[in-house]
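**Student:** Got a structure for you, written out below as structure tokens; questions coming shortly.
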Amino acid sequence: MGEEFVVTPWEVRGKVDYDKLLAHFGARPLTPSDVELLAKYAGEVHPLIRRGFFYAHRDFDEILRWHGSGRPWALYTGRGPSGPVHIGHMVPWILLKWFSDKFGLEVYFQMTDDEKFYDDPELSLADTRRWAYENALDVIALGFTPDRLHLIIDTLDIKPLFPIAVKTAKKLTWNTVKATFGFTDSTNIGLIFYPSLQIAVAFLPTELRGEATPVLIPCAIDQDPYFRLARDIAESLGYPKPATLYSKFIMSLTGESKMSASNPDSAIYTIDDEKTVRRKIMNAFTGGRPTAEEQRKLGGNPNICPVFHYHMLFDPDDKSVEKIRQDCRSGALLCGECKLMLHDKISRFLKQHREAREKARDKVDQYRLSSKLR
Ligand code: TRP
């Protein structure tokens, strides 16, 4: 990948060159004709795709054609439950909900309490399970009903997954996973087996339905190594290859390529209170000039600005986002004012989200796959 940046499922470092990353992984850029195909079947295109935040894929066009021929498919994504959810995590899930609604699709959502336990020496299995339940509230709060959302908490809902993971594991050699994930002699063997579980969910809908049911996986590009392997072995196991749709990373409020869990001020968590949200936004790094006078004269740079990035992610109105971009560039809009506008949008989103989240609190088990298979 070169030395200037590093992207693995567990680490993102440096300034990410998204085109280089695609070439390195071997995924394809989303083209205007892919987007047209989506518009044809969905009737519209979600802003996150229109604005290029989701920018790459594997066989996205293929799965749309599969849909066009009237055959079944499903959605799959997941979360490593190691702490509270920030609003950046919610972005792919917002798109997930949109796909589920537009195409009437069931969603398989994996909570990897096992993965995060293996990966983080500080976390107990009780911790990651507790986070799995907490984080599930944020997913459910997007408005999913139990017939559409199937939650899989790995250590609790392993039963239907395990036989598939076993078949998957037999196809993956140490040589392959070592090279793909950068494992070393001191990696614990839990983490080494884990990829077979993340891959297994991609094959689960086919097993459950007893007919070929490929999945579309919307997620951030750092998860590609799993699904590249899944696609390599799918056919030899009698499963259709999963399709993927990849996003870029959410900018940190401090201006880095990705938010970091170790600096709580770099992200807005869904459980942050009003005051904290306001402070984080008002203190955010921007693409502005050192003084108001210079900003008026020279204008700011929205391309490197997390505040603009969040306007782009959370404002559905194209005209309003375009106006902010132009007014920033021209110097007509100063950072303080722009931050207040953002604060307004995020607070409105969070207020509604917090309420929905609390309503879900006693309902998580109804969404778990095991409760439906019994
Ligand atoms: N490994 C992912 C993480 O650490 C969690 C995950 C499991 C996932 N299955 C997935 C993410 C499918 C995207 C798609 O966050």
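So you can find residues: chains in the structure tokens are A, B, ... in the order shown, residues in each start at 1, and ligands are numbered from 1 in order.
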Mind running chain A against ligand 1 at 10 Å and telling me each contacting residue's nearest atom pair with the distance in Å (one decimal), counting only C-alpha atoms and all ligand atoms, chain and number ascending, as a tab-separated table?

**Tutor:**
residue	atom	partner	partner_atom_place_in_ligand_line	distance
A:Pro9	CA	ligand 1	4 (O)	6.6
A:Trp10	CA	ligand 1	4 (O)	6.9
A:Glu11	CA	ligand 1	4 (O)	9.9
A:Leu75	CA	ligand 1	12 (C)	9.8
A:Tyr76	CA	ligand 1	12 (C)	6.2
A:Thr77	CA	ligand 1	14 (C)	3.7
A:Gly78	CA	ligand 1	8 (C)	3.5
A:Arg79	CA	ligand 1	5 (C)	3.8
A:Gly80	CA	ligand 1	4 (O)	3.9
A:Pro81	CA	ligand 1	15 (O)	7.5
A:Ser82	CA	ligand 1	4 (O)	8.6
A:His89	CA	ligand 1	15 (O)	9.0
A:Pro92	CA	ligand 1	13 (C)	9.1
A:Trp93	CA	ligand 1	13 (C)	10.0
A:Tyr108	CA	ligand 1	12 (C)	9.0
A:Phe109	CA	ligand 1	9 (N)	7.2
A:Gln110	CA	ligand 1	9 (N)	5.1
A:Met111	CA	ligand 1	7 (C)	6.3
A:Thr112	CA	ligand 1	7 (C)	5.8
A:Asp113	CA	ligand 1	5 (C)	9.1
A:Glu115	CA	ligand 1	1 (N)	7.2
A:Lys116	CA	ligand 1	4 (O)	7.1
A:Asp119	CA	ligand 1	4 (O)	9.4
A:Ile152	CA	ligand 1	9 (N)	9.6
A:Ile153	CA	ligand 1	7 (C)	10.0
A:Asp154	CA	ligand 1	7 (C)	9.4
A:Tyr194	CA	ligand 1	1 (N)	9.2
A:Pro195	CA	ligand 1	1 (N)	8.5
A:Leu197	CA	ligand 1	9 (N)	8.2
A:Gln198	CA	ligand 1	9 (N)	4.9
A:Ile199	CA	ligand 1	9 (N)	7.7
A:Ala200	CA	ligand 1	9 (N)	9.3
A:Val201	CA	ligand 1	9 (N)	7.5
A:Ala202	CA	ligand 1	12 (C)	8.3
A:Leu216	CA	ligand 1	14 (C)	9.7
A:Ile217	CA	ligand 1	14 (C)	6.1
A:Pro218	CA	ligand 1	14 (C)	6.8
A:Cys219	CA	ligand 1	13 (C)	4.9
A:Ala220	CA	ligand 1	13 (C)	6.9
A:Ile221	CA	ligand 1	13 (C)	9.0
A:Asp222	CA	ligand 1	13 (C)	8.7
A:Gln223	CA	ligand 1	13 (C)	6.0
A:Asp224	CA	ligand 1	13 (C)	8.7
A:Tyr226	CA	ligand 1	12 (C)	8.5
A:Phe227	CA	ligand 1	12 (C)	8.6
A:Thr244	CA	ligand 1	14 (C)	9.0
A:Leu245	CA	ligand 1	14 (C)	10.0
A:Tyr246	CA	ligand 1	13 (C)	9.6

**Student:** Among range 73-170 of chain A, which ones does DSSP assign to strand (DSSP E) (computed from the backbone)? Answer as a list in words.

**Tutor:**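 Selecting the strand (DSSP E) positions of range 73-170 of chain A gives Ala74, Leu75, Tyr76, Thr77, Gly78, Arg79, Val107, Tyr108, Phe109, Gln110, Met111, Leu149, His150, Leu151, Ile152 and Ile153 of chain A.
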
**Student:** Go through range 74-295 of chain A and collect every residue that DSSP, computed from the backbone, puts in helix (DSSP H, G or I); the answer should be as a PyMOL selection string.

**Tutor:** chain A and resi 87-103+113-119+125-140+162-171+174-181+189-209+221-237+264-266+274-282+292-295

**Student:** Enter the distance from CA of Ile87 in chain A to CA of Ala267 in chain A, in Å, rounded to one decimal.

**Tutor:** 7.5 Å

**Student:** Please measure the separation of CA of Ile164 in chain A and CA of Phe203 in chain A, giving the value in Å to one decimal.

**Tutor:**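 Between CA of Ile164 in chain A and CA of Phe203 in chain A the gap works out to 7.4 Å.
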
**Student:** Per residue of range 241-327 of chain A within 9 Å of range 347-354 of chain A, record the nearest atom pair and its distance in Å to one decimal, counting only C-alpha atoms, with rows in chain order and ascending residue number, as a Markdown table.

**Tutor:**
| residue | atom | partner | partner_atom | distance |
| --- | --- | --- | --- | --- |
| A:Thr270 | CA | A:Leu350 | CA | 6.7 |
| A:Ile271 | CA | A:Arg354 | CA | 7.5 |
| A:Glu274 | CA | A:Ser347 | CA | 7.4 |
| A:Val277 | CA | A:Ser347 | CA | 7.8 |
| A:Arg278 | CA | A:Ser347 | CA | 8.5 |
| A:Phe314 | CA | A:Phe349 | CA | 8.4 |
